[in-house]
>>> print(open('structure-v5.txt').read())   # compact mmCIF, C-alpha atoms
# COMPACT_ATOMS: atom_id res chain seq x y z
CA MET A 1 34.29 -30.57 18.12
CA ALA A 2 32.16 -29.75 21.14
CA GLU A 3 32.48 -26.05 20.41
CA ILE A 4 31.47 -26.52 16.78
CA GLY A 5 28.57 -28.64 17.99
CA VAL A 6 27.25 -25.89 20.25
CA SER A 7 27.66 -23.27 17.57
CA GLY A 8 25.90 -25.56 15.11
CA ARG A 9 22.99 -26.10 17.50
CA VAL A 10 22.67 -22.36 18.04
CA GLN A 11 22.67 -21.78 14.31
CA ARG A 12 20.08 -24.52 13.78
CA SER A 13 17.81 -22.95 16.41
CA LYS A 14 18.16 -19.50 14.83
CA ASP A 15 17.50 -20.92 11.37
CA ALA A 16 14.41 -22.76 12.62
CA VAL A 17 13.06 -19.60 14.25
CA LEU A 18 13.62 -17.49 11.13
CA LYS A 19 12.13 -20.18 8.87
CA THR A 20 9.02 -20.41 11.07
CA THR A 21 8.75 -16.63 11.23
CA ASN A 22 8.86 -16.47 7.44
CA GLU A 23 6.20 -19.15 7.14
CA LEU A 24 3.90 -17.35 9.57
CA MET A 25 4.43 -14.03 7.76
CA SER A 26 3.65 -15.63 4.41
CA GLU A 27 0.49 -17.21 5.76
CA ALA A 28 -1.01 -14.28 7.65
CA GLY A 29 1.26 -11.22 7.41
CA ILE A 30 3.20 -9.97 10.41
CA GLY A 31 -0.03 -10.00 12.41
CA GLY A 32 0.32 -13.79 12.48
CA VAL A 33 3.76 -13.64 14.13
CA SER A 34 3.92 -13.89 17.92
CA ILE A 35 6.85 -15.24 19.94
CA ASP A 36 4.43 -17.79 21.45
CA GLU A 37 3.41 -19.11 18.04
CA VAL A 38 6.98 -19.10 16.67
CA SER A 39 8.11 -21.09 19.72
CA ARG A 40 5.23 -23.55 19.47
CA ARG A 41 5.69 -24.25 15.77
CA SER A 42 9.51 -24.23 15.63
CA GLY A 43 9.99 -26.17 18.85
CA VAL A 44 12.55 -23.58 20.02
CA ALA A 45 12.01 -22.40 23.61
CA LYS A 46 10.84 -18.80 24.12
CA THR A 47 13.85 -18.09 26.36
CA THR A 48 16.15 -19.16 23.50
CA ILE A 49 14.28 -16.96 21.02
CA TYR A 50 14.52 -13.96 23.34
CA ARG A 51 18.26 -14.61 23.79
CA HIS A 52 18.78 -13.95 20.07
CA TRP A 53 16.06 -11.35 19.47
CA PRO A 54 15.12 -9.12 22.41
CA SER A 55 11.62 -8.37 21.04
CA ARG A 56 9.05 -9.43 18.48
CA SER A 57 9.99 -6.32 16.46
CA ALA A 58 13.67 -7.34 16.44
CA LEU A 59 12.72 -10.79 15.14
CA LEU A 60 10.44 -9.30 12.49
CA LEU A 61 13.15 -6.86 11.37
CA ASP A 62 15.68 -9.66 11.06
CA ALA A 63 13.26 -11.89 9.15
CA CYS A 64 12.13 -9.05 6.87
CA SER A 65 15.71 -7.98 6.15
CA ARG A 66 16.30 -11.45 4.68
CA LEU A 67 13.36 -11.32 2.28
CA GLY A 68 15.56 -10.16 -0.59
CA ALA A 69 13.72 -6.92 -1.27
CA ARG A 70 16.93 -4.94 -1.70
CA PRO A 71 18.06 -4.72 -5.33
CA ASP A 72 21.66 -4.69 -6.49
CA LEU A 73 23.05 -1.38 -7.67
CA PRO A 74 23.44 -1.23 -11.44
CA ASP A 75 25.91 1.16 -13.11
CA THR A 76 25.14 1.22 -16.82
CA GLY A 77 26.41 4.77 -17.40
CA SER A 78 22.97 6.34 -18.03
CA LEU A 79 19.99 7.04 -15.81
CA GLU A 80 17.65 5.37 -18.28
CA GLY A 81 19.83 2.23 -18.30
CA ASP A 82 20.08 2.14 -14.51
CA LEU A 83 16.33 2.63 -14.11
CA ALA A 84 15.59 -0.07 -16.70
CA ALA A 85 17.80 -2.51 -14.77
CA LEU A 86 16.22 -1.59 -11.43
CA VAL A 87 12.60 -1.85 -12.62
CA GLY A 88 13.42 -5.10 -14.42
CA TYR A 89 14.50 -6.54 -11.08
CA LEU A 90 11.45 -5.00 -9.37
CA THR A 91 9.09 -6.51 -11.96
CA GLU A 92 10.54 -9.95 -11.29
CA GLN A 93 10.37 -9.49 -7.52
CA LEU A 94 6.74 -8.35 -7.57
CA ARG A 95 5.89 -11.49 -9.53
CA SER A 96 7.81 -14.13 -7.66
CA ALA A 97 9.21 -12.96 -4.32
CA ARG A 98 7.50 -13.48 -0.98
CA TRP A 99 7.88 -9.96 0.39
CA PRO A 100 5.10 -8.44 -1.77
CA THR A 101 2.61 -10.62 0.12
CA ILE A 102 4.02 -9.58 3.48
CA LEU A 103 4.70 -5.87 3.02
CA PRO A 104 1.03 -4.74 3.23
CA SER A 105 0.80 -6.18 6.76
CA ILE A 106 3.84 -4.08 7.73
CA VAL A 107 2.36 -0.96 6.11
CA ASP A 108 -0.93 -1.55 7.94
CA ALA A 109 0.67 -2.14 11.35
CA ALA A 110 2.92 0.90 10.81
CA GLU A 111 -0.22 3.08 10.85
CA ARG A 112 -0.64 2.37 14.55
CA ASP A 113 2.58 0.82 15.94
CA PRO A 114 5.68 3.06 16.18
CA GLU A 115 8.07 0.09 16.40
CA ILE A 116 6.69 -1.41 13.20
CA ALA A 117 6.76 2.06 11.61
CA ALA A 118 10.50 2.20 12.42
CA LEU A 119 10.97 -1.30 10.94
CA HIS A 120 9.07 -0.21 7.82
CA ALA A 121 11.19 2.95 7.52
CA ARG A 122 14.36 0.82 7.51
CA LEU A 123 12.97 -1.51 4.84
CA GLN A 124 11.79 1.50 2.86
CA ALA A 125 15.26 3.11 3.01
CA GLY A 126 16.64 -0.11 1.52
CA PHE A 127 14.09 0.06 -1.31
CA ALA A 128 14.89 3.67 -2.14
CA ALA A 129 18.69 3.58 -1.77
CA PRO A 130 19.75 2.21 -5.19
CA TYR A 131 17.37 4.60 -6.97
CA LEU A 132 18.75 7.55 -5.01
CA VAL A 133 22.33 6.54 -5.90
CA ALA A 134 21.41 6.22 -9.59
CA ILE A 135 19.76 9.67 -9.52
CA GLU A 136 22.73 11.29 -7.76
CA ARG A 137 25.11 9.79 -10.33
CA ALA A 138 22.86 11.12 -13.12
CA LYS A 139 22.98 14.57 -11.53
CA ALA A 140 26.78 14.40 -11.38
CA ARG A 141 26.79 13.55 -15.11
CA GLY A 142 24.43 16.45 -15.84
CA GLU A 143 21.63 14.10 -16.93
CA VAL A 144 19.24 15.38 -14.28
CA PRO A 145 18.92 19.08 -13.39
CA ALA A 146 20.46 19.76 -9.97
CA ASP A 147 17.23 21.28 -8.65
CA GLN A 148 15.12 18.15 -9.22
CA ASP A 149 13.93 16.44 -6.05
CA PRO A 150 15.21 12.83 -6.02
CA GLY A 151 12.31 11.79 -3.79
CA GLN A 152 9.82 12.93 -6.43
CA ILE A 153 11.59 10.82 -9.05
CA VAL A 154 11.65 7.74 -6.78
CA ALA A 155 7.90 8.21 -6.12
CA ALA A 156 7.27 8.44 -9.88
CA ILE A 157 9.03 5.08 -10.36
CA TYR A 158 7.95 2.97 -7.38
CA GLY A 159 4.50 4.55 -7.23
CA PRO A 160 2.98 3.00 -10.37
CA PHE A 161 4.43 -0.43 -9.54
CA PHE A 162 3.19 -0.42 -5.96
CA TYR A 163 -0.18 1.00 -7.06
CA ARG A 164 -0.60 -1.81 -9.53
CA ARG A 165 0.57 -4.59 -7.21
CA TRP A 166 -1.46 -3.67 -4.14
CA PHE A 167 -4.22 -1.30 -5.22
CA SER A 168 -5.44 -1.87 -8.79
CA ARG A 169 -4.04 -5.45 -8.89
CA GLU A 170 -3.43 -5.21 -12.63
CA PRO A 171 -0.65 -7.20 -14.34
CA ILE A 172 2.89 -5.84 -14.14
CA ASP A 173 4.85 -6.78 -17.25
CA ARG A 174 7.86 -5.51 -19.18
CA ALA A 175 5.73 -3.16 -21.32
CA PHE A 176 4.32 -1.52 -18.18
CA ALA A 177 7.80 -1.23 -16.66
CA ALA A 178 9.25 0.29 -19.85
CA ARG A 179 6.44 2.84 -19.96
CA VAL A 180 7.03 3.86 -16.33
CA VAL A 181 10.70 4.54 -17.12
CA ALA A 182 9.75 6.42 -20.32
CA ASN A 183 7.30 8.59 -18.36
CA VAL A 184 9.90 9.36 -15.72
CA MET A 185 12.49 10.27 -18.34
CA ALA A 186 9.90 12.51 -20.06
CA GLY A 187 9.20 14.20 -16.74
CA ILE A 188 12.91 14.85 -16.29
CA GLY A 189 12.89 16.43 -19.76
CA ARG A 190 15.14 13.95 -21.52
CA ALA A 191 12.64 11.77 -23.40
CA MET B 1 -46.42 8.15 14.78
CA ALA B 2 -45.83 4.55 15.78
CA GLU B 3 -44.62 3.75 12.28
CA ILE B 4 -42.22 6.68 12.28
CA GLY B 5 -41.04 5.56 15.69
CA VAL B 6 -40.15 2.06 14.48
CA SER B 7 -38.41 3.39 11.41
CA GLY B 8 -36.53 5.90 13.57
CA ARG B 9 -35.38 3.14 15.93
CA VAL B 10 -34.19 1.02 13.01
CA GLN B 11 -32.27 3.98 11.61
CA ARG B 12 -30.74 4.73 15.02
CA SER B 13 -29.58 1.12 15.35
CA LYS B 14 -28.06 1.15 11.88
CA ASP B 15 -26.36 4.48 12.54
CA ALA B 16 -24.95 3.18 15.83
CA VAL B 17 -23.60 0.05 14.15
CA LEU B 18 -21.96 2.03 11.33
CA LYS B 19 -20.52 4.58 13.77
CA THR B 20 -19.04 1.81 15.92
CA THR B 21 -17.70 0.02 12.85
CA ASN B 22 -16.00 3.24 11.75
CA GLU B 23 -14.49 3.73 15.20
CA LEU B 24 -13.13 0.18 15.30
CA MET B 25 -11.69 0.54 11.78
CA SER B 26 -10.01 3.80 12.71
CA GLU B 27 -8.49 2.29 15.84
CA ALA B 28 -7.23 -1.01 14.48
CA GLY B 29 -8.02 -1.33 10.77
CA ILE B 30 -10.64 -3.79 9.52
CA GLY B 31 -8.87 -6.51 11.53
CA GLY B 32 -10.42 -4.89 14.60
CA VAL B 33 -13.97 -5.26 13.30
CA SER B 34 -15.91 -8.33 14.34
CA ILE B 35 -19.69 -8.57 14.63
CA ASP B 36 -19.19 -9.57 18.28
CA GLU B 37 -17.19 -6.46 19.07
CA VAL B 38 -19.52 -4.16 17.09
CA SER B 39 -22.48 -5.58 19.01
CA ARG B 40 -20.74 -5.26 22.37
CA ARG B 41 -19.63 -1.67 21.87
CA SER B 42 -22.74 -0.34 20.05
CA GLY B 43 -25.25 -2.13 22.30
CA VAL B 44 -27.09 -3.39 19.19
CA ALA B 45 -27.92 -7.11 19.28
CA LYS B 46 -26.04 -9.38 16.87
CA THR B 47 -29.36 -10.64 15.43
CA THR B 48 -30.28 -7.04 14.59
CA ILE B 49 -26.90 -6.42 12.97
CA TYR B 50 -27.22 -9.58 10.85
CA ARG B 51 -30.74 -8.50 9.81
CA HIS B 52 -29.24 -5.43 8.09
CA TRP B 53 -25.89 -6.86 6.96
CA PRO B 54 -25.77 -10.59 6.21
CA SER B 55 -22.01 -10.85 6.83
CA ARG B 56 -19.01 -9.05 8.30
CA SER B 57 -17.89 -8.28 4.72
CA ALA B 58 -21.26 -6.68 3.91
CA LEU B 59 -20.96 -4.45 6.98
CA LEU B 60 -17.37 -3.54 6.11
CA LEU B 61 -18.33 -2.72 2.52
CA ASP B 62 -21.18 -0.49 3.67
CA ALA B 63 -18.99 1.28 6.22
CA CYS B 64 -16.10 1.70 3.76
CA SER B 65 -18.38 3.01 1.03
CA ARG B 66 -19.30 5.89 3.36
CA LEU B 67 -15.72 6.93 4.02
CA GLY B 68 -15.84 9.62 1.34
CA ALA B 69 -12.98 8.26 -0.76
CA ARG B 70 -14.81 8.86 -4.02
CA PRO B 71 -14.01 12.23 -5.61
CA ASP B 72 -16.45 14.38 -7.57
CA LEU B 73 -16.03 14.45 -11.30
CA PRO B 74 -14.54 17.75 -12.52
CA ASP B 75 -15.05 18.97 -16.08
CA THR B 76 -12.67 21.87 -16.67
CA GLY B 77 -12.32 21.30 -20.42
CA SER B 78 -8.70 20.11 -20.33
CA LEU B 79 -7.03 16.97 -19.02
CA GLU B 80 -4.48 19.02 -17.11
CA GLY B 81 -7.28 21.01 -15.45
CA ASP B 82 -9.27 17.91 -14.57
CA LEU B 83 -6.19 16.15 -13.15
CA ALA B 84 -5.25 19.25 -11.14
CA ALA B 85 -8.74 19.30 -9.61
CA LEU B 86 -8.68 15.56 -8.87
CA VAL B 87 -5.22 15.55 -7.26
CA GLY B 88 -6.10 18.69 -5.28
CA TYR B 89 -8.98 16.75 -3.75
CA LEU B 90 -6.78 13.69 -3.25
CA THR B 91 -4.09 15.77 -1.50
CA GLU B 92 -6.71 17.07 0.94
CA GLN B 93 -8.15 13.61 1.52
CA LEU B 94 -4.77 12.03 2.21
CA ARG B 95 -4.15 14.74 4.82
CA SER B 96 -7.45 14.84 6.62
CA ALA B 97 -9.76 11.94 5.79
CA ARG B 98 -10.04 8.75 7.81
CA TRP B 99 -9.89 6.25 4.95
CA PRO B 100 -6.10 6.59 4.43
CA THR B 101 -5.59 5.08 7.88
CA ILE B 102 -7.99 2.23 7.16
CA LEU B 103 -7.18 1.31 3.56
CA PRO B 104 -3.87 -0.49 4.34
CA SER B 105 -5.76 -2.98 6.52
CA ILE B 106 -8.05 -3.72 3.56
CA VAL B 107 -5.09 -4.09 1.18
CA ASP B 108 -3.40 -6.45 3.63
CA ALA B 109 -6.47 -8.60 4.22
CA ALA B 110 -7.13 -8.68 0.45
CA GLU B 111 -3.85 -10.60 0.05
CA ARG B 112 -5.44 -13.61 1.75
CA ASP B 113 -9.23 -13.14 1.91
CA PRO B 114 -11.20 -13.29 -1.38
CA GLU B 115 -14.24 -11.50 0.12
CA ILE B 116 -12.08 -8.58 1.27
CA ALA B 117 -10.32 -8.62 -2.11
CA ALA B 118 -13.73 -8.18 -3.74
CA LEU B 119 -14.56 -5.33 -1.34
CA HIS B 120 -11.21 -3.71 -2.14
CA ALA B 121 -11.82 -4.08 -5.89
CA ARG B 122 -15.12 -2.20 -5.52
CA LEU B 123 -13.48 0.60 -3.54
CA GLN B 124 -10.64 0.68 -6.05
CA ALA B 125 -13.05 1.00 -8.97
CA GLY B 126 -14.54 4.02 -7.22
CA PHE B 127 -11.08 5.56 -6.88
CA ALA B 128 -10.20 5.05 -10.53
CA ALA B 129 -13.55 5.97 -12.12
CA PRO B 130 -13.28 9.80 -12.26
CA TYR B 131 -9.73 9.58 -13.62
CA LEU B 132 -10.83 7.14 -16.32
CA VAL B 133 -13.69 9.44 -17.31
CA ALA B 134 -11.34 12.45 -17.50
CA ILE B 135 -8.90 10.44 -19.67
CA GLU B 136 -11.66 9.21 -22.00
CA ARG B 137 -12.91 12.78 -22.44
CA ALA B 138 -9.34 13.90 -23.20
CA LYS B 139 -9.07 11.16 -25.82
CA ALA B 140 -12.35 12.31 -27.39
CA ARG B 141 -10.90 15.85 -27.57
CA GLY B 142 -7.69 14.52 -29.12
CA GLU B 143 -5.61 15.55 -26.10
CA VAL B 144 -4.45 11.99 -25.44
CA PRO B 145 -3.41 9.59 -28.25
CA ALA B 146 -6.05 6.89 -28.72
CA ASP B 147 -3.50 4.11 -28.20
CA GLN B 148 -2.48 5.22 -24.69
CA ASP B 149 -3.52 2.84 -21.94
CA PRO B 150 -5.75 4.70 -19.44
CA GLY B 151 -4.70 2.30 -16.67
CA GLN B 152 -1.07 3.30 -17.13
CA ILE B 153 -1.99 6.97 -16.76
CA VAL B 154 -4.07 6.31 -13.63
CA ALA B 155 -1.13 4.36 -12.14
CA ALA B 156 1.20 7.28 -12.93
CA ILE B 157 -1.10 9.62 -10.99
CA TYR B 158 -2.27 7.60 -8.00
CA GLY B 159 1.04 5.72 -7.70
CA PRO B 160 3.25 8.57 -6.44
CA PHE B 161 0.57 9.72 -3.97
CA PHE B 162 -0.06 6.27 -2.56
CA TYR B 163 3.69 5.55 -2.47
CA ARG B 164 4.30 8.69 -0.47
CA ARG B 165 1.37 8.23 1.92
CA TRP B 166 1.94 4.57 2.82
CA PHE B 167 5.48 3.63 1.80
CA SER B 168 7.94 6.52 1.99
CA ARG B 169 5.69 8.52 4.37
CA GLU B 170 6.99 11.82 2.99
CA PRO B 171 4.86 14.99 3.00
CA ILE B 172 2.26 15.38 0.26
CA ASP B 173 1.79 19.06 -0.58
CA ARG B 174 0.57 21.13 -3.51
CA ALA B 175 4.06 21.32 -5.05
CA PHE B 176 4.31 17.52 -5.06
CA ALA B 177 0.81 17.22 -6.55
CA ALA B 178 1.58 19.77 -9.27
CA ARG B 179 4.77 17.92 -10.18
CA VAL B 180 2.93 14.59 -10.46
CA VAL B 181 0.47 16.14 -12.92
CA ALA B 182 3.33 17.82 -14.86
CA ASN B 183 5.15 14.47 -15.11
CA VAL B 184 2.02 12.72 -16.35
CA MET B 185 1.38 15.41 -18.95
CA ALA B 186 5.03 15.14 -20.06
CA GLY B 187 4.63 11.38 -20.39
CA ILE B 188 1.55 11.90 -22.56
CA GLY B 189 3.65 14.22 -24.71
CA ARG B 190 1.80 17.45 -24.06
CA ALA B 191 4.05 19.16 -21.52
>>> encode(input="structure-v5.txt", output="structure tokens")
Amino acid sequence: MAEIGVSGRVQRSKDAVLKTTNELMSEAGIGGVSIDEVSRRSGVAKTTIYRHWPSRSALLLDACSRLGARPDLPDTGSLEGDLAALVGYLTEQLRSARWPTILPSIVDAAERDPEIAALHARLQAGFAAPYLVAIERAKARGEVPADQDPGQIVAAIYGPFFYRRWFSREPIDRAFAARVVANVMAGIGRA
Amino acid sequence: MAEIGVSGRVQRSKDAVLKTTNELMSEAGIGGVSIDEVSRRSGVAKTTIYRHWPSRSALLLDACSRLGARPDLPDTGSLEGDLAALVGYLTEQLRSARWPTILPSIVDAAERDPEIAALHARLQAGFAAPYLVAIERAKARGEVPADQDPGQIVAAIYGPFFYRRWFSREPIDRAFAARVVANVMAGIGRA
């Protein structure tokens, strides 16, 4: 029982730290997260925080990796079906998830802070991965010419969504999402 | 002579304030710009700064509007030609201009600060304007179906560039730019 108690206390401390980190990120972006402020608001001692996360960047990476930005991998049998599933999920996330409010603060800090740039690169790899798998599968099926650059296709999909969410701030609905997929398929030459 | 002298001193003060504001933005994004810090570093009194710009947002807007983000309006006679000219300019700007380093800090602050969101909307309108004019001209020539949403086309162009510059951080070269235009033209049905 004592052992379970200790483990439970450790888990409660970690949960409190991550919850507070998420709150601070939602309120002010990652610029609002300092170990001092996390400790003050969560009531968890700084020494305890540093025992679990050796640096502010490590805590941010852990908190960001739990934001649910990574989509599941669909396998509908066609590129168009896979892309439709992926952008359907993305459309929902951009509407209702918390990470779209936080990501710009990571992108901004990444311009000047190499540790945050590395954190952003890891998050970014998670964003791109399911699209890259879908494109490779489509190549194996002969749906996409072998010489097409997967990165260009991923940019053609994510680009319009990210542009609309953070730059033009126009609505992102199913019609917009369907048109993005249709444009990408036209660009691949299979519309 | 005295009159010219006063006007020259006013202009020198304004230039010093804008130069310092630009430096601070380049170093740390707009989060690094406070009237206190601009005054300290430029040597121009806060009262003088507030005489020319009634608020921090007004100073930021003025400084940002001078960053050269707004492209000239080409008129090549075809949508493909106009888009090629516009993305050629954009490719150069994303490589060498200062605003790409600063814009993420504006996007981030716009998530939480309505005044910065308004500033961003004005900058964004400047970005979109030449593309919208080129698309309207193409519609008038019958190159683009009347029912196509210009905003969707602008998102299909800017999106991949912005995605690559700030999210995937992959190189942006002429081949990438040409492929973005080719994809957009394919989506419009004129490839």
>>> residues_around(input="structure-v5.txt", residues="region 167-176 of chain A", least_positions_apart="6", cutoff="9 Å", atoms="all atoms listed in the file", output="count of residues only")
16
>>> interface_residues(input="structure-v5.txt", of="chain B", to="chain A", cutoff="10 Å", atoms="all atoms listed in the file", output="compact mmCIF listing (two decimals) with C-alpha atoms, in the coordinates of the input")
# COMPACT_ATOMS: atom_id res chain seq x y z
CA SER B 26 -10.01 3.80 12.71
CA GLU B 27 -8.49 2.29 15.84
CA ALA B 28 -7.23 -1.01 14.48
CA GLY B 29 -8.02 -1.33 10.77
CA GLY B 31 -8.87 -6.51 11.53
CA PRO B 100 -6.10 6.59 4.43
CA THR B 101 -5.59 5.08 7.88
CA ILE B 102 -7.99 2.23 7.16
CA LEU B 103 -7.18 1.31 3.56
CA PRO B 104 -3.87 -0.49 4.34
CA SER B 105 -5.76 -2.98 6.52
CA ILE B 106 -8.05 -3.72 3.56
CA VAL B 107 -5.09 -4.09 1.18
CA ASP B 108 -3.40 -6.45 3.63
CA ALA B 109 -6.47 -8.60 4.22
CA ALA B 110 -7.13 -8.68 0.45
CA GLU B 111 -3.85 -10.60 0.05
CA ARG B 112 -5.44 -13.61 1.75
CA ALA B 117 -10.32 -8.62 -2.11
CA HIS B 120 -11.21 -3.71 -2.14
CA ALA B 121 -11.82 -4.08 -5.89
CA LEU B 123 -13.48 0.60 -3.54
CA GLN B 124 -10.64 0.68 -6.05
CA ALA B 125 -13.05 1.00 -8.97
CA PHE B 127 -11.08 5.56 -6.88
CA ALA B 128 -10.20 5.05 -10.53
CA ASP B 149 -3.52 2.84 -21.94
CA GLY B 151 -4.70 2.30 -16.67
CA GLN B 152 -1.07 3.30 -17.13
CA ILE B 153 -1.99 6.97 -16.76
CA VAL B 154 -4.07 6.31 -13.63
CA ALA B 155 -1.13 4.36 -12.14
CA ALA B 156 1.20 7.28 -12.93
CA ILE B 157 -1.10 9.62 -10.99
CA TYR B 158 -2.27 7.60 -8.00
CA GLY B 159 1.04 5.72 -7.70
CA PRO B 160 3.25 8.57 -6.44
CA PHE B 161 0.57 9.72 -3.97
CA PHE B 162 -0.06 6.27 -2.56
CA TYR B 163 3.69 5.55 -2.47
CA ARG B 164 4.30 8.69 -0.47
CA TRP B 166 1.94 4.57 2.82
CA PHE B 167 5.48 3.63 1.80
CA SER B 168 7.94 6.52 1.99
CA ARG B 169 5.69 8.52 4.37
CA GLU B 170 6.99 11.82 2.99
CA PHE B 176 4.31 17.52 -5.06
CA ALA B 177 0.81 17.22 -6.55
CA ARG B 179 4.77 17.92 -10.18
CA VAL B 180 2.93 14.59 -10.46
CA VAL B 181 0.47 16.14 -12.92
CA ALA B 182 3.33 17.82 -14.86
CA ASN B 183 5.15 14.47 -15.11
CA VAL B 184 2.02 12.72 -16.35
CA MET B 185 1.38 15.41 -18.95
CA ALA B 186 5.03 15.14 -20.06
CA GLY B 187 4.63 11.38 -20.39
CA ILE B 188 1.55 11.90 -22.56
CA GLY B 189 3.65 14.22 -24.71
CA ALA B 191 4.05 19.16 -21.52
>>> closest_residue(input="structure-v5.txt", among="B:Val33, B:Ala129, B:Leu119, B:Val144", to="Thr21 (chain B)", atoms="only C-alpha atoms")
B:Val33
>>> atom_distance(input="structure-v5.txt", atom1="CA of Leu79 (chain B)", atom2="CA of Ala134 (chain B)")
6.4 Å
>>> closest_residue(input="structure-v5.txt", among="B:Met25, B:Ala140, B:Val10, B:Ala45", to="Leu67 (chain B)", atoms="only C-alpha atoms")
B:Met25
>>> atom_distance(input="structure-v5.txt", atom1="CA of Ile49 (chain B)", atom2="CA of Glu23 (chain B)")
16.2 Å
>>> decode(input="structure-v5.txt", residues="region 103-117 of chain A", atoms="N, CA, C and O atoms", output="CSV table (one decimal), in the first residue's frame")
chain,number,residue,atom,x,y,z
A,103,LEU,N,0.0,26.6,-30.9
A,103,LEU,CA,1.1,26.4,-31.9
A,103,LEU,C,1.8,27.7,-32.4
A,103,LEU,O,3.0,27.7,-32.5
A,104,PRO,N,1.0,28.8,-32.6
A,104,PRO,CA,1.8,30.0,-33.1
A,104,PRO,C,2.8,30.4,-32.1
A,104,PRO,O,3.9,31.0,-32.5
A,105,SER,N,2.7,30.2,-30.8
A,105,SER,CA,3.7,30.7,-29.9
A,105,SER,C,4.9,29.8,-30.0
A,105,SER,O,6.1,30.2,-29.7
A,106,ILE,N,4.7,28.5,-30.4
A,106,ILE,CA,5.9,27.6,-30.6
A,106,ILE,C,6.6,28.1,-31.9
A,106,ILE,O,7.8,28.1,-32.0
A,107,VAL,N,5.8,28.3,-33.0
A,107,VAL,CA,6.4,28.8,-34.2
A,107,VAL,C,7.2,30.0,-34.1
A,107,VAL,O,8.3,30.2,-34.6
A,108,ASP,N,6.6,31.0,-33.3
A,108,ASP,CA,7.3,32.3,-33.0
A,108,ASP,C,8.6,32.0,-32.3
A,108,ASP,O,9.7,32.5,-32.7
A,109,ALA,N,8.6,31.3,-31.2
A,109,ALA,CA,9.8,31.1,-30.4
A,109,ALA,C,10.8,30.3,-31.2
A,109,ALA,O,12.0,30.5,-31.0
A,110,ALA,N,10.4,29.4,-32.1
A,110,ALA,CA,11.3,28.6,-32.9
A,110,ALA,C,12.1,29.5,-33.8
A,110,ALA,O,13.2,29.1,-34.2
A,111,GLU,N,11.7,30.7,-34.1
A,111,GLU,CA,12.5,31.6,-35.0
A,111,GLU,C,13.8,32.0,-34.3
A,111,GLU,O,14.7,32.4,-35.0
A,112,ARG,N,13.8,32.0,-32.9
A,112,ARG,CA,15.0,32.5,-32.2
A,112,ARG,C,15.6,31.5,-31.2
A,112,ARG,O,16.7,31.7,-30.8
A,113,ASP,N,14.9,30.4,-30.9
A,113,ASP,CA,15.3,29.5,-29.8
A,113,ASP,C,15.5,28.1,-30.4
A,113,ASP,O,14.5,27.4,-30.7
A,114,PRO,N,16.8,27.7,-30.5
A,114,PRO,CA,17.0,26.3,-31.1
A,114,PRO,C,16.3,25.2,-30.4
A,114,PRO,O,15.9,24.2,-31.1
A,115,GLU,N,16.2,25.3,-29.1
A,115,GLU,CA,15.6,24.2,-28.4
A,115,GLU,C,14.1,24.1,-28.7
A,115,GLU,O,13.5,23.0,-28.9
A,116,ILE,N,13.4,25.3,-28.8
A,116,ILE,CA,12.0,25.3,-29.2
A,116,ILE,C,11.9,24.9,-30.7
A,116,ILE,O,10.9,24.2,-31.1
A,117,ALA,N,12.9,25.3,-31.5
A,117,ALA,CA,12.8,24.8,-32.9
A,117,ALA,C,12.9,23.3,-33.0
A,117,ALA,O,12.2,22.7,-33.8
